[in-house]
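data-v2.txt (compact mmCIF, C-alpha atoms and all ligand atoms) appears below.
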# COMPACT_ATOMS: atom_id res chain seq x y z
CA MET A 28 10.18 -23.71 -1.61
CA ASP A 29 11.78 -22.46 -4.83
CA ILE A 30 9.69 -20.50 -7.28
CA SER A 31 10.33 -19.37 -10.84
CA VAL A 32 8.30 -16.56 -12.40
CA LYS A 33 8.27 -15.28 -15.97
CA ALA A 34 8.52 -11.49 -16.28
CA PRO A 35 7.51 -10.35 -19.80
CA ALA A 36 8.29 -6.98 -21.36
CA LYS A 37 5.56 -4.58 -22.49
CA ILE A 38 5.22 -2.32 -25.49
CA ASN A 39 2.98 0.74 -25.82
CA LEU A 40 0.77 0.61 -28.91
CA THR A 41 -0.44 4.13 -28.13
CA LEU A 42 0.73 6.66 -25.55
CA ASP A 43 -0.85 10.04 -24.88
CA VAL A 44 0.07 12.51 -22.15
CA LEU A 45 -3.03 14.46 -21.10
CA HIS A 46 -1.62 16.90 -18.54
CA LYS A 47 0.87 17.35 -15.74
CA ARG A 48 -0.55 16.61 -12.30
CA PRO A 49 0.02 18.52 -9.06
CA ASP A 50 2.04 15.52 -7.73
CA GLY A 51 4.56 15.98 -10.57
CA TYR A 52 3.50 12.87 -12.50
CA HIS A 53 1.70 13.05 -15.85
CA GLU A 54 -1.82 11.88 -16.52
CA LEU A 55 -1.54 9.25 -19.24
CA GLU A 56 -3.81 7.38 -21.62
CA MET A 57 -2.19 4.47 -23.37
CA VAL A 58 -2.63 0.97 -24.77
CA MET A 59 -0.13 -1.51 -23.41
CA THR A 60 0.44 -5.14 -24.30
CA THR A 61 2.88 -7.87 -23.24
CA ILE A 62 5.36 -9.52 -25.59
CA ASP A 63 7.28 -12.77 -25.41
CA LEU A 64 10.60 -11.22 -24.46
CA ALA A 65 10.96 -12.03 -20.79
CA ASP A 66 13.24 -12.10 -17.79
CA ARG A 67 13.00 -15.05 -15.43
CA ILE A 68 12.97 -14.51 -11.71
CA ASP A 69 14.08 -17.45 -9.52
CA LEU A 70 13.14 -17.07 -5.86
CA THR A 71 14.71 -19.23 -3.13
CA GLU A 72 13.65 -19.01 0.48
CA ILE A 73 16.43 -18.18 2.96
CA SER A 74 16.28 -17.62 6.70
CA GLY A 75 16.33 -13.80 6.60
CA GLY A 76 17.22 -10.73 4.53
CA ILE A 77 17.23 -10.22 0.76
CA GLN A 78 20.03 -11.34 -1.57
CA LEU A 79 20.01 -10.43 -5.24
CA GLU A 80 21.99 -11.82 -8.15
CA SER A 81 21.62 -11.36 -11.88
CA THR A 82 23.02 -12.62 -15.14
CA SER A 83 23.25 -8.94 -16.17
CA GLY A 84 25.91 -6.53 -14.96
CA PHE A 85 23.83 -3.53 -16.04
CA ILE A 86 21.39 -3.42 -13.15
CA PRO A 87 21.84 -2.47 -9.49
CA PHE A 88 22.15 -5.36 -6.99
CA ASP A 89 21.00 -3.45 -3.91
CA ASP A 90 17.85 -1.66 -2.80
CA ARG A 91 17.84 0.39 -6.02
CA ASN A 92 16.77 -2.77 -7.83
CA LEU A 93 13.00 -2.87 -8.31
CA ALA A 94 12.83 -6.61 -7.60
CA TYR A 95 14.75 -6.08 -4.36
CA ARG A 96 12.39 -3.24 -3.45
CA ALA A 97 9.37 -5.42 -4.18
CA ALA A 98 10.64 -8.05 -1.71
CA ALA A 99 11.49 -5.40 0.91
CA LEU A 100 8.03 -3.84 0.55
CA LEU A 101 6.30 -7.17 1.22
CA GLN A 102 8.61 -7.99 4.15
CA GLN A 103 7.92 -4.64 5.80
CA ARG A 104 4.21 -4.34 5.07
CA PHE A 105 3.37 -7.89 6.20
CA SER A 106 6.08 -8.32 8.89
CA VAL A 107 7.61 -11.27 7.05
CA LYS A 108 10.59 -12.67 8.94
CA LYS A 109 11.70 -15.05 6.19
CA GLY A 110 14.21 -13.96 3.59
CA VAL A 111 14.67 -14.56 -0.13
CA ARG A 112 17.43 -14.96 -2.68
CA ILE A 113 16.39 -13.41 -6.00
CA LEU A 114 18.13 -14.46 -9.20
CA ILE A 115 17.23 -12.33 -12.23
CA HIS A 116 17.91 -13.97 -15.60
CA LYS A 117 17.97 -10.78 -17.63
CA GLU A 118 16.76 -10.94 -21.23
CA ILE A 119 14.91 -7.59 -21.49
CA PRO A 120 17.27 -4.72 -22.39
CA VAL A 121 17.73 -2.22 -19.53
CA ALA A 122 16.40 1.38 -19.61
CA ALA A 123 14.80 0.56 -22.92
CA GLY A 124 11.13 1.57 -22.60
CA LEU A 125 10.11 -2.08 -22.20
CA ALA A 126 9.38 -2.03 -18.44
CA GLY A 127 12.08 -4.57 -17.64
CA GLY A 128 12.57 -3.45 -14.03
CA SER A 129 8.83 -3.04 -13.49
CA SER A 130 8.15 -6.55 -14.77
CA ASP A 131 10.86 -7.98 -12.49
CA ALA A 132 9.18 -6.20 -9.57
CA ALA A 133 5.74 -7.51 -10.56
CA ALA A 134 7.04 -11.08 -10.91
CA THR A 135 8.74 -10.83 -7.52
CA LEU A 136 5.51 -9.61 -5.89
CA LYS A 137 3.57 -12.50 -7.44
CA GLY A 138 6.16 -15.13 -6.57
CA LEU A 139 6.63 -14.00 -2.97
CA ASN A 140 2.86 -13.74 -2.45
CA LYS A 141 2.83 -17.47 -3.09
CA MET A 142 6.10 -18.36 -1.34
CA TRP A 143 5.23 -16.48 1.85
CA ASN A 144 1.52 -17.45 1.74
CA LEU A 145 0.37 -13.83 1.90
CA GLY A 146 -2.96 -14.49 0.18
CA LEU A 147 -3.00 -11.13 -1.65
CA SER A 148 -5.31 -10.69 -4.65
CA THR A 149 -4.02 -9.53 -8.04
CA GLU A 150 -5.68 -6.17 -7.35
CA GLU A 151 -3.84 -5.83 -4.02
CA LEU A 152 -0.54 -6.78 -5.66
CA ALA A 153 -1.13 -4.18 -8.38
CA GLN A 154 -1.82 -1.51 -5.73
CA LEU A 155 1.38 -2.39 -3.88
CA GLY A 156 3.19 -2.36 -7.23
CA LEU A 157 2.22 1.26 -7.83
CA GLU A 158 4.39 2.19 -4.83
CA LEU A 159 7.35 0.84 -6.82
CA GLY A 160 6.63 2.36 -10.24
CA SER A 161 3.90 3.47 -12.64
CA ASP A 162 4.33 0.48 -14.97
CA VAL A 163 4.23 -2.16 -12.20
CA PRO A 164 0.41 -2.49 -11.90
CA PHE A 165 0.16 -3.31 -15.62
CA CYS A 166 3.02 -5.78 -15.30
CA VAL A 167 1.22 -7.49 -12.39
CA LYS A 168 -1.93 -7.95 -14.47
CA GLY A 169 -0.41 -8.46 -17.94
CA GLY A 170 -2.51 -8.95 -21.05
CA THR A 171 -3.59 -5.97 -23.13
CA ALA A 172 -5.12 -2.93 -21.46
CA ILE A 173 -5.92 0.75 -21.67
CA ALA A 174 -3.89 2.34 -18.88
CA ARG A 175 -4.89 5.70 -17.44
CA GLY A 176 -3.85 7.82 -14.46
CA ARG A 177 -0.16 7.28 -13.75
CA GLY A 178 -0.65 3.91 -15.47
CA GLU A 179 -2.57 2.13 -12.71
CA HIS A 180 -6.18 2.44 -13.90
CA LEU A 181 -6.36 -0.55 -16.19
CA THR A 182 -9.18 -1.61 -18.52
CA PRO A 183 -8.54 -4.98 -20.20
CA ILE A 184 -9.14 -4.96 -23.96
CA ALA A 185 -8.78 -7.39 -26.87
CA PRO A 186 -5.19 -8.54 -27.55
CA PRO A 187 -3.43 -7.74 -30.82
CA PRO A 188 -3.85 -10.23 -33.64
CA PRO A 189 -1.00 -12.78 -33.74
CA CYS A 190 2.07 -11.23 -35.34
CA TRP A 191 5.82 -10.77 -34.93
CA VAL A 192 7.33 -7.92 -32.97
CA VAL A 193 10.82 -6.92 -34.11
CA LEU A 194 12.64 -4.82 -31.50
CA ALA A 195 15.77 -2.73 -31.94
CA LYS A 196 17.40 -1.12 -28.92
CA PRO A 197 20.05 1.56 -29.57
CA GLN A 198 23.14 1.29 -27.40
CA HIS A 199 22.26 4.12 -25.04
CA GLY A 200 19.48 3.92 -22.45
CA VAL A 201 16.95 6.67 -21.78
CA SER A 202 15.80 8.17 -18.48
CA THR A 203 12.00 8.17 -18.29
CA ALA A 204 12.04 11.17 -15.92
CA GLU A 205 14.14 13.18 -18.40
CA VAL A 206 11.82 12.41 -21.29
CA PHE A 207 8.73 13.47 -19.33
CA GLY A 208 10.67 16.52 -18.14
CA ALA A 209 11.49 17.59 -21.71
CA LEU A 210 7.89 17.21 -22.94
CA ASP A 211 6.33 20.60 -23.70
CA LEU A 212 2.57 20.17 -23.35
CA ALA A 213 1.95 23.67 -24.78
CA GLU A 214 3.34 22.46 -28.11
CA LYS A 215 0.97 20.92 -30.62
CA ARG A 216 1.37 17.16 -30.80
CA ASP A 217 -0.11 14.31 -32.83
CA GLN A 218 -2.36 12.61 -30.35
CA PRO A 219 -3.20 8.92 -30.76
CA ASN A 220 -6.68 7.88 -31.78
CA LEU A 221 -7.51 5.56 -28.87
CA ASP A 222 -10.93 4.53 -30.18
CA ALA A 223 -9.49 3.57 -33.55
CA MET A 224 -6.80 1.43 -31.88
CA VAL A 225 -9.30 -0.31 -29.58
CA ASN A 226 -11.60 -0.89 -32.56
CA ALA A 227 -8.76 -2.39 -34.62
CA LEU A 228 -7.85 -4.71 -31.74
CA GLU A 229 -11.46 -5.80 -31.27
CA HIS A 230 -11.74 -6.61 -34.98
CA ARG A 231 -8.33 -8.35 -35.09
CA ASP A 232 -7.49 -5.84 -37.81
CA PHE A 233 -3.68 -5.99 -38.14
CA THR A 234 -3.52 -3.18 -40.70
CA GLY A 235 -5.66 -1.00 -38.45
CA VAL A 236 -3.39 -1.69 -35.46
CA CYS A 237 -0.32 -0.74 -37.55
CA ALA A 238 -1.99 2.43 -38.86
CA ASN A 239 -2.88 3.66 -35.37
CA LEU A 240 0.46 3.15 -33.58
CA SER A 241 1.24 6.50 -31.94
CA ASN A 242 3.31 7.78 -29.01
CA VAL A 243 3.58 11.47 -28.03
CA LEU A 244 6.89 10.83 -26.22
CA GLU A 245 8.49 9.69 -29.47
CA GLN A 246 9.16 13.22 -30.74
CA VAL A 247 10.81 14.18 -27.43
CA THR A 248 13.22 11.22 -27.37
CA LEU A 249 13.81 11.50 -31.10
CA SER A 250 14.93 15.12 -30.87
CA THR A 251 17.60 14.18 -28.30
CA TYR A 252 18.55 10.88 -29.94
CA PRO A 253 18.28 11.14 -33.76
CA GLN A 254 19.45 7.49 -34.00
CA VAL A 255 15.96 6.49 -32.83
CA GLY A 256 14.50 8.19 -35.91
CA LYS A 257 17.05 6.46 -38.15
CA LEU A 258 16.14 3.07 -36.68
CA LYS A 259 12.47 3.79 -37.33
CA GLU A 260 13.22 4.65 -40.95
CA ARG A 261 15.28 1.49 -41.41
CA MET A 262 12.66 -0.71 -39.81
CA ASP A 263 10.15 0.76 -42.24
CA THR A 264 12.46 0.35 -45.25
CA PHE A 265 13.15 -3.31 -44.43
CA GLY A 266 9.42 -3.99 -44.47
CA ALA A 267 7.92 -3.68 -40.98
CA GLU A 268 4.22 -2.98 -41.41
CA GLY A 269 3.89 -0.63 -38.40
CA VAL A 270 6.75 1.07 -36.52
CA LEU A 271 6.84 2.94 -33.19
CA MET A 272 9.06 3.76 -30.23
CA SER A 273 7.95 2.02 -27.01
CA GLY A 274 7.28 4.04 -23.83
CA SER A 275 9.91 6.70 -23.24
CA GLY A 276 12.26 4.80 -25.55
CA PRO A 277 14.72 4.32 -26.98
CA THR A 278 13.60 0.85 -28.20
CA VAL A 279 11.84 0.91 -31.56
CA PHE A 280 9.46 -1.92 -32.43
CA GLY A 281 8.05 -3.03 -35.76
CA LEU A 282 4.97 -5.19 -36.24
CA VAL A 283 5.25 -7.83 -38.94
CA SER A 284 2.59 -10.33 -40.01
CA ARG A 285 4.84 -13.05 -41.49
CA GLU A 286 7.83 -14.86 -39.99
CA SER A 287 9.86 -14.69 -43.21
CA LEU A 288 9.45 -10.92 -43.30
CA ALA A 289 10.33 -10.65 -39.59
CA ARG A 290 13.61 -12.48 -40.38
CA ARG A 291 14.33 -10.07 -43.22
CA VAL A 292 13.76 -7.04 -40.98
CA VAL A 293 16.00 -8.53 -38.26
CA ASN A 294 18.78 -9.32 -40.72
CA GLY A 295 18.54 -5.85 -42.21
CA LEU A 296 18.78 -4.16 -38.83
CA ARG A 297 21.67 -6.24 -37.52
CA GLY A 298 24.17 -4.13 -39.43
CA PHE A 299 23.06 -0.99 -37.60
CA CYS A 300 22.12 -2.17 -34.16
CA ARG A 301 23.51 -4.85 -31.85
CA GLN A 302 20.38 -5.53 -29.83
CA VAL A 303 17.74 -6.81 -32.25
CA TYR A 304 15.03 -9.32 -31.34
CA ALA A 305 12.04 -10.93 -33.02
CA VAL A 306 9.39 -12.20 -30.63
CA ARG A 307 5.68 -13.00 -30.63
CA MET A 308 2.93 -10.97 -29.04
CA LEU A 309 1.60 -12.40 -25.78
CA GLY A 310 -1.07 -9.80 -25.12
CA GLY A 311 -3.44 -12.04 -23.17
CA LEU A 312 -2.12 -15.50 -23.87
CA GLU A 313 0.07 -15.44 -20.83
CA ALA A 314 -2.68 -15.58 -18.25
CA PRO A 315 -3.99 -19.07 -18.91
CA LEU A 316 -1.04 -20.57 -20.77
CA LEU A 317 2.07 -19.39 -19.10
CA ASP A 318 0.94 -18.33 -15.72
CA LYS A 319 3.88 -18.16 -14.86
CA ILE A 320 4.57 -19.32 -11.41
CA ARG A 321 6.34 -22.67 -11.41
CA THR A 322 7.08 -24.30 -8.09
CA LYS A 323 10.18 -26.43 -8.27
C1 LIG A 401 6.68 5.76 -20.10
C2 LIG A 401 6.05 4.52 -19.49
O1 LIG A 401 6.93 3.42 -19.58
C3 LIG A 401 4.82 4.17 -20.29
O2 LIG A 401 4.42 2.85 -20.11
C4 LIG A 401 5.71 4.72 -18.04
O3 LIG A 401 4.85 5.84 -17.90
C5 LIG A 401 6.91 4.89 -17.15
O4 LIG A 401 6.72 4.09 -16.04
P1 LIG A 401 7.87 3.86 -14.94
O5 LIG A 401 9.18 3.67 -15.59
O6 LIG A 401 7.34 2.77 -14.04
O7 LIG A 401 7.86 5.25 -14.24
P2 LIG A 401 8.11 5.67 -12.71
O8 LIG A 401 9.28 4.91 -12.19
O9 LIG A 401 6.82 5.60 -11.96
O10 LIG A 401 8.47 7.19 -12.92
C6 LIG A 401 9.71 7.62 -13.44
C7 LIG A 401 9.59 9.09 -13.75
O11 LIG A 401 8.79 9.26 -14.94
C8 LIG A 401 7.93 10.37 -14.81
N1 LIG A 401 6.52 9.91 -14.95
C9 LIG A 401 6.20 8.60 -14.93
C10 LIG A 401 4.90 8.18 -15.08
C11 LIG A 401 3.89 9.17 -15.23
N2 LIG A 401 2.62 8.83 -15.36
N3 LIG A 401 4.23 10.48 -15.23
C12 LIG A 401 5.53 10.87 -15.11
O12 LIG A 401 5.82 12.07 -15.12
C13 LIG A 401 8.22 11.00 -13.47
O13 LIG A 401 9.18 11.99 -13.69
C14 LIG A 401 8.84 9.87 -12.68
O14 LIG A 401 9.73 10.34 -11.70
N1 LIG A 402 15.35 -5.34 -12.07
C1 LIG A 402 15.75 -4.31 -12.83
N2 LIG A 402 15.92 -4.47 -14.15
C2 LIG A 402 16.28 -3.44 -14.93
N3 LIG A 402 16.56 -2.20 -14.46
C3 LIG A 402 16.39 -1.98 -13.16
C4 LIG A 402 15.98 -3.02 -12.29
N4 LIG A 402 15.88 -2.49 -11.06
C5 LIG A 402 16.23 -1.20 -11.15
N5 LIG A 402 16.56 -0.88 -12.40
C6 LIG A 402 16.98 0.47 -12.83
O1 LIG A 402 15.85 1.06 -13.46
C7 LIG A 402 16.23 1.88 -14.56
C8 LIG A 402 15.23 1.68 -15.69
O2 LIG A 402 15.37 0.37 -16.16
P1 LIG A 402 14.19 -0.41 -16.89
O3 LIG A 402 14.84 -1.49 -17.68
O4 LIG A 402 13.12 -0.81 -15.94
O5 LIG A 402 13.68 0.76 -17.83
P2 LIG A 402 12.50 0.91 -18.82
O6 LIG A 402 12.33 -0.36 -19.61
O7 LIG A 402 12.73 2.15 -19.59
O8 LIG A 402 11.25 1.09 -17.88
P3 LIG A 402 9.85 1.73 -18.28
O9 LIG A 402 9.48 1.23 -19.63
O10 LIG A 402 8.97 1.17 -17.15
O11 LIG A 402 10.06 3.21 -18.20
C9 LIG A 402 17.64 1.47 -14.94
O12 LIG A 402 18.43 2.61 -14.89
C10 LIG A 402 18.08 0.45 -13.90
O13 LIG A 402 19.30 0.79 -13.29

Produce structure tokens that represent the structure in this file.
Ligand SMILES: C[C@](O)(CO)[C@H](O)COP(=O)(O)OP(=O)(O)OC[C@H]1O[C@@H](n2ccc(N)nc2=O)[C@H](O)[C@@H]1O
Ligand SMILES: Nc1ncnc2c1ncn2[C@@H]1O[C@H](COP(=O)(O)OP(=O)(O)OP(=O)(O)O)[C@@H](O)[C@H]1O
Amino acid sequence: MDISVKAPAKINLTLDVLHKRPDGYHELEMVMTTIDLADRIDLTEISGGIQLESTSGFIPFDDRNLAYRAAALLQQRFSVKKGVRILIHKEIPVAAGLAGGSSDAAATLKGLNKMWNLGLSTEELAQLGLELGSDVPFCVKGGTAIARGRGEHLTPIAPPPPCWVVLAKPQHGVSTAEVFGALDLAEKRDQPNLDAMVNALEHRDFTGVCANLSNVLEQVTLSTYPQVGKLKERMDTFGAEGVLMSGSGPTVFGLVSRESLARRVVNGLRGFCRQVYAVRMLGGLEAPLLDKIRTK
């Protein structure tokens, strides 16, 4: 059986770091949502082992790849003898703060659950996903959610109102571990107003969503990479109605209510940045409409 799974990127509408935990991770509180910028994972059953190919040369092809590790985890945990060839059609920029690798891992877990008839629930897949990375449980479930803990305690909330998301990814990538490592929790920081964001989402209040975009990691990444700040300024100047860095960065996103304005922002940014995209929010649409697993 061949299976094809869509693996959408996420953005963080808010991101707060509450404290550092004894296990070295940080306790987070954030609002995450999926967007219609997606990799596609094609899975083909083979007699044994794991083979991985990708349209992108920028990702590892061995057991450092999160999709590879997702397949290996299922093989080991459930004594699966069958193998799989994984083809990753890469559209999400790498090391960008958009959870590209995590979403590939989540899609691989979901696709192989079906291909190998494992009968695992979404909750069980999310728990397995946490062994691969903090963003994987959210990527398994999708939609729009408050994420707490390392990112695995998920409360579904209302999706953002329909709008355009313009993304600009500077040429360099960013290491998530380095950004968390450079965060000084003793320093005063502008913490997001979670209630105000949730309220704006519930009321489909686009202006309220834009006004409450906030990410405490932004200042950390920005101080190492001033280009991120410049991109934010330009996005704002060209007319984006709300602008923020996603996750640990360096991708900057702008929310725009009208398509014509989204085009203007994209055209404006193209002179400064090679990787610019305009996509729609998914945020909850994907569950019924796209879900996602197509059997060929
Ligand atoms: C920044 C976010 O993208 C926000 O959505 C995520 O928190 C990062 O998720 P991720 O890339 O799946 O992160 P992981 O692969 O689990 O962790 C990478 C590194 O980030 C740091 N990390 C990550 C998550 C977390 N809650 N606390 C941390 O301190 C740790 O140093 C860890 O070694
Ligand atoms: N399938 C994959 N796709 C992209 N990167 C991968 C993949 N598997 C492993 N990686 C490695 O993971 C690192 C982070 O890449 P990724 O694109 O997932 O970052 P990110 O979008 O910043 O993630 P997050 O937002 O979850 O922190 C890269 O250095 C890359 O080499």

Got a sec to check which residues lie within 6 Å of ligand LIG 402 (chain A), using only C-alpha atoms and all ligand atoms, and send them as a PyMOL selection string?
chain A and resi 86-87+91-94+121-129+131+162+203+274

Same residues, C-alpha atoms, saved as a compact mmCIF listing (two decimals), in the frame of the given file:
# COMPACT_ATOMS: atom_id res chain seq x y z
CA ILE A 86 21.39 -3.42 -13.15
CA PRO A 87 21.84 -2.47 -9.49
CA ARG A 91 17.84 0.39 -6.02
CA ASN A 92 16.77 -2.77 -7.83
CA LEU A 93 13.00 -2.87 -8.31
CA ALA A 94 12.83 -6.61 -7.60
CA VAL A 121 17.73 -2.22 -19.53
CA ALA A 122 16.40 1.38 -19.61
CA ALA A 123 14.80 0.56 -22.92
CA GLY A 124 11.13 1.57 -22.60
CA LEU A 125 10.11 -2.08 -22.20
CA ALA A 126 9.38 -2.03 -18.44
CA GLY A 127 12.08 -4.57 -17.64
CA GLY A 128 12.57 -3.45 -14.03
CA SER A 129 8.83 -3.04 -13.49
CA ASP A 131 10.86 -7.98 -12.49
CA ASP A 162 4.33 0.48 -14.97
CA THR A 203 12.00 8.17 -18.29
CA GLY A 274 7.28 4.04 -23.83

So that I can see what lies close to Gly75 in chain A, please list as a PyMOL selection string the residues with an atom at most 10 Å from it, counting only C-alpha atoms and leaving out residues fewer than 6 positions away in the same chain.
chain A and resi 102+107-112

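With all atoms listed in the file as the atoms that count, the minimum distance from ligand LIG 401 (chain A) to the choices A:Arg285, A:Arg175, A:Lys141, A:His116 is reached by A:Arg175.
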
Ligand LIG 401 (chain A) neighbours within 6 Å using all atoms listed in the file, as a list in words
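Listed by chain and ascending number, the contacts are Tyr52, His53, Glu54, Leu55, Gly124, Gly160, Ser161, Asp162, Arg177, Gly178, Thr203, Ala204, Phe207, Gly274 and Ser275 of chain A.
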
Residue selection dump (C-alpha atoms) as a compact mmCIF listing (two decimals), keeping the file's coordinate frame:
# COMPACT_ATOMS: atom_id res chain seq x y z
CA TYR A 52 3.50 12.87 -12.50
CA HIS A 53 1.70 13.05 -15.85
CA GLU A 54 -1.82 11.88 -16.52
CA LEU A 55 -1.54 9.25 -19.24
CA GLY A 124 11.13 1.57 -22.60
CA GLY A 160 6.63 2.36 -10.24
CA SER A 161 3.90 3.47 -12.64
CA ASP A 162 4.33 0.48 -14.97
CA ARG A 177 -0.16 7.28 -13.75
CA GLY A 178 -0.65 3.91 -15.47
CA THR A 203 12.00 8.17 -18.29
CA ALA A 204 12.04 11.17 -15.92
CA PHE A 207 8.73 13.47 -19.33
CA GLY A 274 7.28 4.04 -23.83
CA SER A 275 9.91 6.70 -23.24

Using all atoms listed in the file, pick whichever of A:Pro197, A:Gly138, A:Gly176, A:Gly84 has the shortest atom-to-atom distance to Gln254 in chain A.
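Closest to Gln254 in chain A of all the choices is A:Pro197.
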
Of the listed residues A:Gly311, A:Gly76, A:Pro277, A:Gly51, that which approaches Ala185 in chain A most closely, counting all atoms listed in the file:
A:Gly311

What is the distance, in Å and to one decimal place, between CA of Leu155 in chain A and CA of Met308 in chain A?
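Separating CA of Leu155 in chain A from CA of Met308 in chain A is a distance of 26.6 Å.
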
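Closest approach to Val193 in chain A from the set A:Glu72, A:Asp222, A:Asp63, A:Glu179 is made by A:Asp63, with distances taken over all atoms listed in the file.
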
Would you work out the distance separating CA of Asn220 in chain A from CA of Asn239 in chain A, expressed in Å to one decimal?
6.7 Å

Any chance you could tabulate, as a Markdown table, the residues of range 192-291 of chain A at most 9 Å from range 31-41 of chain A with each one's nearest atom pair and distance in Å to one decimal, using only C-alpha atoms, in chain and rising number order?
| residue | atom | partner | partner_atom | distance |
| --- | --- | --- | --- | --- |
| A:Gln218 | CA | A:Thr41 | CA | 9.0 |
| A:Pro219 | CA | A:Thr41 | CA | 6.1 |
| A:Asn220 | CA | A:Thr41 | CA | 8.1 |
| A:Leu221 | CA | A:Thr41 | CA | 7.3 |
| A:Met224 | CA | A:Thr41 | CA | 7.9 |
| A:Val236 | CA | A:Leu40 | CA | 8.1 |
| A:Cys237 | CA | A:Leu40 | CA | 8.8 |
| A:Asn239 | CA | A:Thr41 | CA | 7.7 |
| A:Leu240 | CA | A:Leu40 | CA | 5.3 |
| A:Ser241 | CA | A:Thr41 | CA | 4.8 |
| A:Asn242 | CA | A:Thr41 | CA | 5.3 |
| A:Val243 | CA | A:Thr41 | CA | 8.4 |
| A:Leu271 | CA | A:Leu40 | CA | 7.8 |
| A:Met272 | CA | A:Asn39 | CA | 8.1 |
| A:Ser273 | CA | A:Asn39 | CA | 5.3 |
| A:Gly274 | CA | A:Asn39 | CA | 5.8 |
| A:Phe280 | CA | A:Ile38 | CA | 8.1 |

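If all atoms listed in the file are the atoms counted, then among A:Pro189, A:Gly266, A:Gly295, A:Gly146 the closest residue to Arg231 in chain A is A:Pro189.
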
8 Å contact set for Thr182 in chain A, only C-alpha atoms, chain neighbours under 3 positions out, as a list in words:
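Near neighbours after the sequence-gap exclusion: Ala172, Ile173 and Ala174 of chain A.
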
Using all atoms listed in the file, find the one residue out of A:Thr82, A:Leu152, A:Leu70, A:Glu56 that sits nearest to Arg104 in chain A.
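Looking only at the distances to Arg104 in chain A, the closest residue turns out to be A:Leu152.
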
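The gap separating CA of Ala134 in chain A from CA of Ile73 in chain A is 18.2 Å, in Å to one decimal.
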
Do a neighbour search on Asp69 in chain A at 6 Å with all atoms listed in the file, toss out local chain neighbours closer than 2 positions, and write the hits as a PDB file with C-alpha atoms, keeping the file's coordinate frame.
ATOM      1  CA  ILE A  30       9.690 -20.500  -7.280  1.00  0.00           C
ATOM      2  CA  SER A  31      10.330 -19.370 -10.840  1.00  0.00           C
ATOM      3  CA  ILE A 113      16.390 -13.410  -6.000  1.00  0.00           C
ATOM      4  CA  LEU A 114      18.130 -14.460  -9.200  1.00  0.00           C
TER       5      LEU A 114
END

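Non-sequential neighbours of Ala267 in chain A (distance at most 8 Å, separation of 2 or more positions within a chain, only C-alpha atoms) are Met262, Asp263, Thr264, Phe265, Gly269, Val270, Gly281, Leu282, Val283, Leu288, Ala289 and Val292 of chain A.
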
Taking 6 positions as the minimum chain separation for residues in the same chain, which residues sit within 10 Å of Arg301 in chain A when counting all atoms listed in the file? Answer as a list in words.
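The contact residues come out as Ala195, Lys196, Pro197 and Gln198 of chain A.
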